[in-house]
Protein chains: 2
Amino acid sequence: MITKRGTLEILMPLCCNTTPVRYQTFRNSMKGFSSKTLSIRLKELEQGGILNRRSYNEIPLRVEYRLTKKGQELTESIIHLLQWMKRWSST
Amino acid sequence: MITKRGTLEILMPLCCNTTPVRYQTFRNSMKGFSSKTLSIRLKELEQGGILNRRSYNEIPLRVEYRLTKKGQELTESIIHLLQWMKRWSST
DNA sequence: CAGTATCCTGTACGATACTG
DNA sequence: CAGTATCGTACAGGATACTG
């Protein structure tokens with residue numbers, strides 16, 4: 001699941017801050033991904049217990065995704081990985 | 001590169017010990033992957049500076065792969081990730 | 001042993017249009 | 001806004017056979 005295309009990109013903006021992220025925000029930060037792929041990945045991450053999806057009865061719709069405990073612990077690994085990427089980005 | 005199918009499986013046996021790994025050993029530890037996919041992934045990892053390939057003038061052929069410095073640092077992240085997987089394997 | 005070459009197929013994914 | 005439905009295609013990757 002975590003090695004699928006797009007998953008890393010979804011989790012990246014969730015690594016740095018604890019505020020929930022909306023669908024549109026993911027879309028904007030994920031150029032090169034279709035809405036279809038994004039929603040599939042989000043659903044997988046939700047079913048995998050990484051993300052919590054919460055929708056509000058508002059017009060226009062508002063849906064927020066936030067990390068679960070499991071997801072937060074995963075981001076620790078991802079942060080570690082991102083540091084490695086940054087460290088070796090020139091090579 | 002590191003999220004491609006098979007890459008994680010290639011690096012896993014290199015996480016635990018520092019001894020070089022041979023092609024056939026990868027094959028045996030990677031049921032469900034063809035030789036084609038394996039050699040493509042190995043080449044990518046070599047070109048990405050993760051692995052060093054070293055061949056010996058012997059019959060039968062012997063080729064060994066070992067981690068570079070960059071690769072060793074990457075495995076630190078992967079070990080971290082594997083611990084997370086183990087911790088949450090029941091869910 | 002350590003790969004390559006070739007052929008073939010499933011599927012992941014984008015583009016587009018649509019909906020509650 | 002946050003998705004879903006449909007269609008079409010590129011390409012990842014398996015099976016098999018082959019090579020230095």
# chains A, B, ... in the order shown; residues from 1 in each chain; ligands from 1
$ select_by_dssp --residues "chain A" --states "alpha helix (DSSP H)" --output "ChimeraX atom specification"
/A:7-16,23-29,35-47,69-87
$ residues_around --residues "region 15-32 of chain A" --least-positions-apart "5" --cutoff "12 Å" --atoms "only C-alpha atoms (C1' of nucleotides)" --output "MDAnalysis selection string"
(chainID A and resid 5:10 37:39 41:43 51:56 61:69 71:83) or (chainID C and resid 13:14) or (chainID D and resid 1:3)
$ calpha_fit_and_write --fixed "chain B" --moving "chain A" --output "PDB file with N, CA and C atoms, in the first residue's frame"
ATOM      1  N   MET A   1      11.955   5.911  -7.455  1.00  0.00           N
ATOM      2  CA  MET A   1      12.739   4.667  -7.567  1.00  0.00           C
ATOM      3  C   MET A   1      12.461   3.726  -6.396  1.00  0.00           C
ATOM      4  N   ILE A   2      12.541   4.269  -5.174  1.00  0.00           N
ATOM      5  CA  ILE A   2      12.393   3.412  -4.001  1.00  0.00           C
ATOM      6  C   ILE A   2      10.959   2.933  -3.784  1.00  0.00           C
ATOM      7  N   THR A   3      10.000   3.517  -4.494  1.00  0.00           N
ATOM      8  CA  THR A   3       8.627   3.044  -4.319  1.00  0.00           C
ATOM      9  C   THR A   3       8.222   2.059  -5.415  1.00  0.00           C
ATOM     10  N   LYS A   4       9.144   1.753  -6.319  1.00  0.00           N
ATOM     11  CA  LYS A   4       8.791   0.814  -7.369  1.00  0.00           C
ATOM     12  C   LYS A   4       8.668  -0.605  -6.827  1.00  0.00           C
ATOM     13  N   ARG A   5       7.796  -1.345  -7.500  1.00  0.00           N
ATOM     14  CA  ARG A   5       7.526  -2.712  -7.100  1.00  0.00           C
ATOM     15  C   ARG A   5       8.789  -3.562  -7.087  1.00  0.00           C
ATOM     16  N   GLY A   6       9.128  -4.096  -5.950  1.00  0.00           N
ATOM     17  CA  GLY A   6      10.274  -4.982  -5.838  1.00  0.00           C
ATOM     18  C   GLY A   6      11.459  -4.352  -5.126  1.00  0.00           C
ATOM     19  N   THR A   7      11.534  -3.046  -5.188  1.00  0.00           N
ATOM     20  CA  THR A   7      12.693  -2.373  -4.589  1.00  0.00           C
ATOM     21  C   THR A   7      12.821  -2.683  -3.102  1.00  0.00           C
ATOM     22  N   LEU A   8      11.711  -2.568  -2.408  1.00  0.00           N
ATOM     23  CA  LEU A   8      11.720  -2.836  -0.965  1.00  0.00           C
ATOM     24  C   LEU A   8      12.156  -4.270  -0.689  1.00  0.00           C
ATOM     25  N   GLU A   9      11.668  -5.181  -1.512  1.00  0.00           N
ATOM     26  CA  GLU A   9      12.009  -6.592  -1.341  1.00  0.00           C
ATOM     27  C   GLU A   9      13.491  -6.850  -1.599  1.00  0.00           C
ATOM     28  N   ILE A  10      14.042  -6.105  -2.542  1.00  0.00           N
ATOM     29  CA  ILE A  10      15.471  -6.256  -2.813  1.00  0.00           C
ATOM     30  C   ILE A  10      16.296  -5.787  -1.622  1.00  0.00           C
ATOM     31  N   LEU A  11      15.889  -4.651  -1.060  1.00  0.00           N
ATOM     32  CA  LEU A  11      16.704  -4.039  -0.015  1.00  0.00           C
ATOM     33  C   LEU A  11      16.559  -4.733   1.344  1.00  0.00           C
ATOM     34  N   MET A  12      15.437  -5.421   1.533  1.00  0.00           N
ATOM     35  CA  MET A  12      15.199  -6.043   2.828  1.00  0.00           C
ATOM     36  C   MET A  12      16.320  -6.979   3.286  1.00  0.00           C
ATOM     37  N   PRO A  13      16.741  -7.931   2.442  1.00  0.00           N
ATOM     38  CA  PRO A  13      17.815  -8.823   2.918  1.00  0.00           C
ATOM     39  C   PRO A  13      19.138  -8.103   3.143  1.00  0.00           C
ATOM     40  N   LEU A  14      19.263  -6.905   2.592  1.00  0.00           N
ATOM     41  CA  LEU A  14      20.495  -6.131   2.781  1.00  0.00           C
ATOM     42  C   LEU A  14      20.467  -5.294   4.047  1.00  0.00           C
ATOM     43  N   CYS A  15      19.270  -5.209   4.652  1.00  0.00           N
ATOM     44  CA  CYS A  15      19.139  -4.390   5.857  1.00  0.00           C
ATOM     45  C   CYS A  15      19.833  -5.027   7.050  1.00  0.00           C
ATOM     46  N   CYS A  16      19.720  -6.330   7.121  1.00  0.00           N
ATOM     47  CA  CYS A  16      20.079  -7.014   8.359  1.00  0.00           C
ATOM     48  C   CYS A  16      21.554  -7.379   8.451  1.00  0.00           C
ATOM     49  N   ASN A  17      22.154  -7.703   7.327  1.00  0.00           N
ATOM     50  CA  ASN A  17      23.566  -8.059   7.391  1.00  0.00           C
ATOM     51  C   ASN A  17      24.365  -7.267   6.362  1.00  0.00           C
ATOM     52  N   THR A  18      25.651  -7.210   6.558  1.00  0.00           N
ATOM     53  CA  THR A  18      26.499  -6.395   5.693  1.00  0.00           C
ATOM     54  C   THR A  18      27.160  -7.214   4.596  1.00  0.00           C
ATOM     55  N   THR A  19      26.894  -8.520   4.583  1.00  0.00           N
ATOM     56  CA  THR A  19      27.509  -9.350   3.543  1.00  0.00           C
ATOM     57  C   THR A  19      26.823  -9.104   2.210  1.00  0.00           C
ATOM     58  N   PRO A  20      27.595  -9.138   1.136  1.00  0.00           N
ATOM     59  CA  PRO A  20      27.014  -8.915  -0.187  1.00  0.00           C
ATOM     60  C   PRO A  20      26.041 -10.021  -0.568  1.00  0.00           C
ATOM     61  N   VAL A  21      25.138  -9.710  -1.473  1.00  0.00           N
ATOM     62  CA  VAL A  21      24.094 -10.643  -1.867  1.00  0.00           C
ATOM     63  C   VAL A  21      24.217 -10.930  -3.364  1.00  0.00           C
ATOM     64  N   ARG A  22      24.024 -12.169  -3.719  1.00  0.00           N
ATOM     65  CA  ARG A  22      24.128 -12.572  -5.119  1.00  0.00           C
ATOM     66  C   ARG A  22      22.771 -12.576  -5.800  1.00  0.00           C
ATOM     67  N   TYR A  23      22.824 -12.517  -7.123  1.00  0.00           N
ATOM     68  CA  TYR A  23      21.605 -12.489  -7.921  1.00  0.00           C
ATOM     69  C   TYR A  23      20.655 -13.624  -7.549  1.00  0.00           C
ATOM     70  N   GLN A  24      21.198 -14.825  -7.492  1.00  0.00           N
ATOM     71  CA  GLN A  24      20.373 -15.996  -7.207  1.00  0.00           C
ATOM     72  C   GLN A  24      19.710 -15.901  -5.840  1.00  0.00           C
ATOM     73  N   THR A  25      20.420 -15.295  -4.900  1.00  0.00           N
ATOM     74  CA  THR A  25      19.871 -15.128  -3.554  1.00  0.00           C
ATOM     75  C   THR A  25      18.670 -14.194  -3.577  1.00  0.00           C
ATOM     76  N   PHE A  26      18.784 -13.119  -4.349  1.00  0.00           N
ATOM     77  CA  PHE A  26      17.620 -12.240  -4.520  1.00  0.00           C
ATOM     78  C   PHE A  26      16.455 -13.030  -5.114  1.00  0.00           C
ATOM     79  N   ARG A  27      16.742 -13.769  -6.157  1.00  0.00           N
ATOM     80  CA  ARG A  27      15.691 -14.540  -6.829  1.00  0.00           C
ATOM     81  C   ARG A  27      14.959 -15.434  -5.833  1.00  0.00           C
ATOM     82  N   ASN A  28      15.728 -16.115  -5.008  1.00  0.00           N
ATOM     83  CA  ASN A  28      15.112 -17.040  -4.064  1.00  0.00           C
ATOM     84  C   ASN A  28      14.260 -16.317  -3.024  1.00  0.00           C
ATOM     85  N   SER A  29      14.685 -15.135  -2.648  1.00  0.00           N
ATOM     86  CA  SER A  29      13.951 -14.407  -1.604  1.00  0.00           C
ATOM     87  C   SER A  29      12.806 -13.594  -2.199  1.00  0.00           C
ATOM     88  N   MET A  30      12.684 -13.615  -3.521  1.00  0.00           N
ATOM     89  CA  MET A  30      11.664 -12.800  -4.163  1.00  0.00           C
ATOM     90  C   MET A  30      10.730 -13.623  -5.032  1.00  0.00           C
ATOM     91  N   LYS A  31      10.061 -14.543  -4.423  1.00  0.00           N
ATOM     92  CA  LYS A  31       9.022 -15.283  -5.112  1.00  0.00           C
ATOM     93  C   LYS A  31       7.973 -14.304  -5.608  1.00  0.00           C
ATOM     94  N   GLY A  32       7.524 -14.525  -6.806  1.00  0.00           N
ATOM     95  CA  GLY A  32       6.520 -13.631  -7.353  1.00  0.00           C
ATOM     96  C   GLY A  32       7.108 -12.533  -8.215  1.00  0.00           C
ATOM     97  N   PHE A  33       8.427 -12.558  -8.386  1.00  0.00           N
ATOM     98  CA  PHE A  33       9.072 -11.592  -9.271  1.00  0.00           C
ATOM     99  C   PHE A  33       9.846 -12.359 -10.344  1.00  0.00           C
ATOM    100  N   SER A  34       9.772 -11.840 -11.560  1.00  0.00           N
ATOM    101  CA  SER A  34      10.504 -12.473 -12.649  1.00  0.00           C
ATOM    102  C   SER A  34      11.954 -12.002 -12.648  1.00  0.00           C
ATOM    103  N   SER A  35      12.799 -12.765 -13.347  1.00  0.00           N
ATOM    104  CA  SER A  35      14.203 -12.374 -13.448  1.00  0.00           C
ATOM    105  C   SER A  35      14.332 -11.033 -14.151  1.00  0.00           C
ATOM    106  N   LYS A  36      13.440 -10.796 -15.095  1.00  0.00           N
ATOM    107  CA  LYS A  36      13.459  -9.532 -15.821  1.00  0.00           C
ATOM    108  C   LYS A  36      13.253  -8.345 -14.885  1.00  0.00           C
ATOM    109  N   THR A  37      12.190  -8.423 -14.108  1.00  0.00           N
ATOM    110  CA  THR A  37      11.903  -7.337 -13.167  1.00  0.00           C
ATOM    111  C   THR A  37      13.051  -7.144 -12.186  1.00  0.00           C
ATOM    112  N   LEU A  38      13.560  -8.259 -11.675  1.00  0.00           N
ATOM    113  CA  LEU A  38      14.663  -8.158 -10.717  1.00  0.00           C
ATOM    114  C   LEU A  38      15.859  -7.448 -11.325  1.00  0.00           C
ATOM    115  N   SER A  39      16.235  -7.824 -12.536  1.00  0.00           N
ATOM    116  CA  SER A  39      17.441  -7.199 -13.102  1.00  0.00           C
ATOM    117  C   SER A  39      17.215  -5.727 -13.437  1.00  0.00           C
ATOM    118  N   ILE A  40      15.993  -5.395 -13.827  1.00  0.00           N
ATOM    119  CA  ILE A  40      15.688  -3.974 -14.049  1.00  0.00           C
ATOM    120  C   ILE A  40      15.843  -3.186 -12.751  1.00  0.00           C
ATOM    121  N   ARG A  41      15.250  -3.709 -11.679  1.00  0.00           N
ATOM    122  CA  ARG A  41      15.328  -3.013 -10.392  1.00  0.00           C
ATOM    123  C   ARG A  41      16.771  -2.901  -9.910  1.00  0.00           C
ATOM    124  N   LEU A  42      17.532  -3.977 -10.053  1.00  0.00           N
ATOM    125  CA  LEU A  42      18.934  -3.940  -9.617  1.00  0.00           C
ATOM    126  C   LEU A  42      19.703  -2.868 -10.372  1.00  0.00           C
ATOM    127  N   LYS A  43      19.429  -2.776 -11.671  1.00  0.00           N
ATOM    128  CA  LYS A  43      20.126  -1.776 -12.481  1.00  0.00           C
ATOM    129  C   LYS A  43      19.742  -0.356 -12.048  1.00  0.00           C
ATOM    130  N   GLU A  44      18.456  -0.172 -11.766  1.00  0.00           N
ATOM    131  CA  GLU A  44      18.013   1.136 -11.283  1.00  0.00           C
ATOM    132  C   GLU A  44      18.687   1.503  -9.969  1.00  0.00           C
ATOM    133  N   LEU A  45      18.764   0.534  -9.076  1.00  0.00           N
ATOM    134  CA  LEU A  45      19.373   0.808  -7.771  1.00  0.00           C
ATOM    135  C   LEU A  45      20.861   1.070  -7.901  1.00  0.00           C
ATOM    136  N   GLU A  46      21.472   0.397  -8.872  1.00  0.00           N
ATOM    137  CA  GLU A  46      22.889   0.649  -9.102  1.00  0.00           C
ATOM    138  C   GLU A  46      23.081   2.065  -9.660  1.00  0.00           C
ATOM    139  N   GLN A  47      22.251   2.397 -10.657  1.00  0.00           N
ATOM    140  CA  GLN A  47      22.362   3.726 -11.256  1.00  0.00           C
ATOM    141  C   GLN A  47      21.951   4.821 -10.274  1.00  0.00           C
ATOM    142  N   GLY A  48      21.104   4.474  -9.326  1.00  0.00           N
ATOM    143  CA  GLY A  48      20.690   5.432  -8.315  1.00  0.00           C
ATOM    144  C   GLY A  48      21.682   5.562  -7.183  1.00  0.00           C
ATOM    145  N   GLY A  49      22.765   4.819  -7.268  1.00  0.00           N
ATOM    146  CA  GLY A  49      23.812   4.935  -6.258  1.00  0.00           C
ATOM    147  C   GLY A  49      23.494   4.240  -4.955  1.00  0.00           C
ATOM    148  N   ILE A  50      22.555   3.294  -5.006  1.00  0.00           N
ATOM    149  CA  ILE A  50      22.172   2.567  -3.792  1.00  0.00           C
ATOM    150  C   ILE A  50      22.994   1.291  -3.641  1.00  0.00           C
ATOM    151  N   LEU A  51      23.230   0.655  -4.773  1.00  0.00           N
ATOM    152  CA  LEU A  51      23.956  -0.617  -4.756  1.00  0.00           C
ATOM    153  C   LEU A  51      25.229  -0.524  -5.590  1.00  0.00           C
ATOM    154  N   ASN A  52      26.209  -1.306  -5.173  1.00  0.00           N
ATOM    155  CA  ASN A  52      27.380  -1.535  -6.005  1.00  0.00           C
ATOM    156  C   ASN A  52      27.338  -2.951  -6.547  1.00  0.00           C
ATOM    157  N   ARG A  53      27.575  -3.064  -7.836  1.00  0.00           N
ATOM    158  CA  ARG A  53      27.616  -4.372  -8.484  1.00  0.00           C
ATOM    159  C   ARG A  53      29.060  -4.738  -8.745  1.00  0.00           C
ATOM    160  N   ARG A  54      29.419  -5.963  -8.363  1.00  0.00           N
ATOM    161  CA  ARG A  54      30.785  -6.405  -8.566  1.00  0.00           C
ATOM    162  C   ARG A  54      30.777  -7.826  -9.101  1.00  0.00           C
ATOM    163  N   SER A  55      31.382  -7.987 -10.265  1.00  0.00           N
ATOM    164  CA  SER A  55      31.414  -9.322 -10.874  1.00  0.00           C
ATOM    165  C   SER A  55      32.825  -9.877 -10.836  1.00  0.00           C
ATOM    166  N   TYR A  56      32.898 -11.184 -10.720  1.00  0.00           N
ATOM    167  CA  TYR A  56      34.178 -11.876 -10.612  1.00  0.00           C
ATOM    168  C   TYR A  56      34.398 -12.748 -11.843  1.00  0.00           C
ATOM    169  N   ASN A  57      35.625 -12.829 -12.272  1.00  0.00           N
ATOM    170  CA  ASN A  57      35.947 -13.683 -13.415  1.00  0.00           C
ATOM    171  C   ASN A  57      36.066 -15.132 -12.975  1.00  0.00           C
ATOM    172  N   GLU A  58      34.930 -15.728 -12.762  1.00  0.00           N
ATOM    173  CA  GLU A  58      34.889 -17.105 -12.308  1.00  0.00           C
ATOM    174  C   GLU A  58      33.882 -17.851 -13.159  1.00  0.00           C
ATOM    175  N   ILE A  59      34.093 -19.151 -13.246  1.00  0.00           N
ATOM    176  CA  ILE A  59      33.073 -20.006 -13.832  1.00  0.00           C
ATOM    177  C   ILE A  59      32.659 -21.009 -12.783  1.00  0.00           C
ATOM    178  N   PRO A  60      31.376 -21.095 -12.419  1.00  0.00           N
ATOM    179  CA  PRO A  60      30.278 -20.248 -12.917  1.00  0.00           C
ATOM    180  C   PRO A  60      30.392 -18.803 -12.444  1.00  0.00           C
ATOM    181  N   LEU A  61      29.655 -17.939 -13.118  1.00  0.00           N
ATOM    182  CA  LEU A  61      29.719 -16.519 -12.805  1.00  0.00           C
ATOM    183  C   LEU A  61      29.376 -16.240 -11.350  1.00  0.00           C
ATOM    184  N   ARG A  62      30.010 -15.226 -10.832  1.00  0.00           N
ATOM    185  CA  ARG A  62      29.627 -14.744  -9.502  1.00  0.00           C
ATOM    186  C   ARG A  62      29.507 -13.234  -9.567  1.00  0.00           C
ATOM    187  N   VAL A  63      28.366 -12.739  -9.169  1.00  0.00           N
ATOM    188  CA  VAL A  63      28.125 -11.298  -9.112  1.00  0.00           C
ATOM    189  C   VAL A  63      27.581 -10.974  -7.735  1.00  0.00           C
ATOM    190  N   GLU A  64      28.147  -9.978  -7.129  1.00  0.00           N
ATOM    191  CA  GLU A  64      27.707  -9.600  -5.784  1.00  0.00           C
ATOM    192  C   GLU A  64      27.225  -8.158  -5.763  1.00  0.00           C
ATOM    193  N   TYR A  65      26.187  -7.970  -4.995  1.00  0.00           N
ATOM    194  CA  TYR A  65      25.658  -6.621  -4.801  1.00  0.00           C
ATOM    195  C   TYR A  65      25.828  -6.242  -3.343  1.00  0.00           C
ATOM    196  N   ARG A  66      26.326  -5.034  -3.139  1.00  0.00           N
ATOM    197  CA  ARG A  66      26.406  -4.546  -1.763  1.00  0.00           C
ATOM    198  C   ARG A  66      25.960  -3.096  -1.705  1.00  0.00           C
ATOM    199  N   LEU A  67      25.587  -2.673  -0.518  1.00  0.00           N
ATOM    200  CA  LEU A  67      25.090  -1.318  -0.337  1.00  0.00           C
ATOM    201  C   LEU A  67      26.219  -0.299  -0.419  1.00  0.00           C
ATOM    202  N   THR A  68      25.925   0.829  -1.033  1.00  0.00           N
ATOM    203  CA  THR A  68      26.827   1.974  -0.945  1.00  0.00           C
ATOM    204  C   THR A  68      26.578   2.683   0.391  1.00  0.00           C
ATOM    205  N   LYS A  69      27.334   3.740   0.627  1.00  0.00           N
ATOM    206  CA  LYS A  69      27.063   4.564   1.830  1.00  0.00           C
ATOM    207  C   LYS A  69      25.638   5.115   1.776  1.00  0.00           C
ATOM    208  N   LYS A  70      25.291   5.624   0.621  1.00  0.00           N
ATOM    209  CA  LYS A  70      23.940   6.143   0.418  1.00  0.00           C
ATOM    210  C   LYS A  70      22.898   5.065   0.667  1.00  0.00           C
ATOM    211  N   GLY A  71      23.191   3.871   0.173  1.00  0.00           N
ATOM    212  CA  GLY A  71      22.273   2.754   0.363  1.00  0.00           C
ATOM    213  C   GLY A  71      22.154   2.356   1.820  1.00  0.00           C
ATOM    214  N   GLN A  72      23.274   2.378   2.524  1.00  0.00           N
ATOM    215  CA  GLN A  72      23.239   2.024   3.949  1.00  0.00           C
ATOM    216  C   GLN A  72      22.372   3.000   4.730  1.00  0.00           C
ATOM    217  N   GLU A  73      22.505   4.273   4.373  1.00  0.00           N
ATOM    218  CA  GLU A  73      21.684   5.265   5.076  1.00  0.00           C
ATOM    219  C   GLU A  73      20.212   5.088   4.739  1.00  0.00           C
ATOM    220  N   LEU A  74      19.948   4.671   3.508  1.00  0.00           N
ATOM    221  CA  LEU A  74      18.558   4.398   3.137  1.00  0.00           C
ATOM    222  C   LEU A  74      17.982   3.247   3.948  1.00  0.00           C
ATOM    223  N   THR A  75      18.781   2.230   4.158  1.00  0.00           N
ATOM    224  CA  THR A  75      18.269   1.072   4.905  1.00  0.00           C
ATOM    225  C   THR A  75      17.903   1.442   6.337  1.00  0.00           C
ATOM    226  N   GLU A  76      18.521   2.494   6.869  1.00  0.00           N
ATOM    227  CA  GLU A  76      18.118   2.934   8.215  1.00  0.00           C
ATOM    228  C   GLU A  76      16.649   3.342   8.206  1.00  0.00           C
ATOM    229  N   SER A  77      16.245   4.039   7.151  1.00  0.00           N
ATOM    230  CA  SER A  77      14.836   4.400   7.031  1.00  0.00           C
ATOM    231  C   SER A  77      13.971   3.163   6.834  1.00  0.00           C
ATOM    232  N   ILE A  78      14.482   2.244   6.045  1.00  0.00           N
ATOM    233  CA  ILE A  78      13.701   1.045   5.758  1.00  0.00           C
ATOM    234  C   ILE A  78      13.536   0.183   6.999  1.00  0.00           C
ATOM    235  N   ILE A  79      14.601   0.092   7.801  1.00  0.00           N
ATOM    236  CA  ILE A  79      14.502  -0.667   9.048  1.00  0.00           C
ATOM    237  C   ILE A  79      13.428  -0.048   9.940  1.00  0.00           C
ATOM    238  N   HIS A  80      13.443   1.279  10.006  1.00  0.00           N
ATOM    239  CA  HIS A  80      12.430   2.017  10.762  1.00  0.00           C
ATOM    240  C   HIS A  80      11.033   1.667  10.257  1.00  0.00           C
ATOM    241  N   LEU A  81      10.921   1.622   8.933  1.00  0.00           N
ATOM    242  CA  LEU A  81       9.647   1.303   8.302  1.00  0.00           C
ATOM    243  C   LEU A  81       9.222  -0.143   8.582  1.00  0.00           C
ATOM    244  N   LEU A  82      10.179  -1.048   8.534  1.00  0.00           N
ATOM    245  CA  LEU A  82       9.875  -2.455   8.784  1.00  0.00           C
ATOM    246  C   LEU A  82       9.412  -2.657  10.225  1.00  0.00           C
ATOM    247  N   GLN A  83       9.992  -1.885  11.137  1.00  0.00           N
ATOM    248  CA  GLN A  83       9.557  -1.978  12.533  1.00  0.00           C
ATOM    249  C   GLN A  83       8.109  -1.514  12.665  1.00  0.00           C
ATOM    250  N   TRP A  84       7.787  -0.455  11.932  1.00  0.00           N
ATOM    251  CA  TRP A  84       6.400   0.025  11.924  1.00  0.00           C
ATOM    252  C   TRP A  84       5.472  -1.059  11.383  1.00  0.00           C
ATOM    253  N   MET A  85       5.897  -1.703  10.289  1.00  0.00           N
ATOM    254  CA  MET A  85       5.081  -2.754   9.692  1.00  0.00           C
ATOM    255  C   MET A  85       4.862  -3.900  10.672  1.00  0.00           C
ATOM    256  N   LYS A  86       5.941  -4.255  11.369  1.00  0.00           N
ATOM    257  CA  LYS A  86       5.857  -5.351  12.330  1.00  0.00           C
ATOM    258  C   LYS A  86       4.920  -4.973  13.482  1.00  0.00           C
ATOM    259  N   ARG A  87       5.075  -3.743  13.926  1.00  0.00           N
ATOM    260  CA  ARG A  87       4.281  -3.267  15.060  1.00  0.00           C
ATOM    261  C   ARG A  87       2.789  -3.288  14.752  1.00  0.00           C
ATOM    262  N   TRP A  88       2.441  -3.032  13.491  1.00  0.00           N
ATOM    263  CA  TRP A  88       1.036  -2.940  13.131  1.00  0.00           C
ATOM    264  C   TRP A  88       0.586  -4.099  12.246  1.00  0.00           C
ATOM    265  N   SER A  89       1.345  -5.154  12.253  1.00  0.00           N
ATOM    266  CA  SER A  89       1.078  -6.241  11.313  1.00  0.00           C
ATOM    267  C   SER A  89      -0.274  -6.913  11.559  1.00  0.00           C
ATOM    268  N   SER A  90      -0.782  -6.793  12.778  1.00  0.00           N
ATOM    269  CA  SER A  90      -2.034  -7.484  13.079  1.00  0.00           C
ATOM    270  C   SER A  90      -3.245  -6.704  12.558  1.00  0.00           C
ATOM    271  N   THR A  91      -3.058  -5.429  12.261  1.00  0.00           N
ATOM    272  CA  THR A  91      -4.222  -4.613  11.872  1.00  0.00           C
ATOM    273  C   THR A  91      -4.449  -4.623  10.369  1.00  0.00           C
TER     274      THR A  91
END
$ closest_atom_pairs --of "chain C" --to "chain B" --cutoff "10 Å" --atoms "only C-alpha atoms (C1' of nucleotides)" --output "tab-separated table"
residue	atom	partner	partner_atom	distance
C:DC1	C1'	B:Leu61	CA	4.8
C:DA2	C1'	B:Leu61	CA	6.8
C:DG3	C1'	B:Ser39	CA	7.3
C:DT4	C1'	B:Lys36	CA	8.3
$ select_by_dssp --residues "chain A" --states "strand (DSSP E)" --output "ChimeraX atom specification"
/A:21-22,51-56,62-67
$ interface_residues --of "chain D" --to "chain B" --cutoff "9 Å" --atoms "only C-alpha atoms (C1' of nucleotides)" --output "ChimeraX atom specification"
/D:13-15
$ atom_distance --atom1 "C1' of DA15 (chain C)" --atom2 "C1' of DT4 (chain D)"
14.2 Å
$ atom_distance --atom1 "C1' of DA17 (chain D)" --atom2 "C1' of DA12 (chain C)"
28.5 Å
$ atom_distance --atom1 "C1' of DA10 (chain D)" --atom2 "C1' of DT9 (chain C)"
12.6 Å
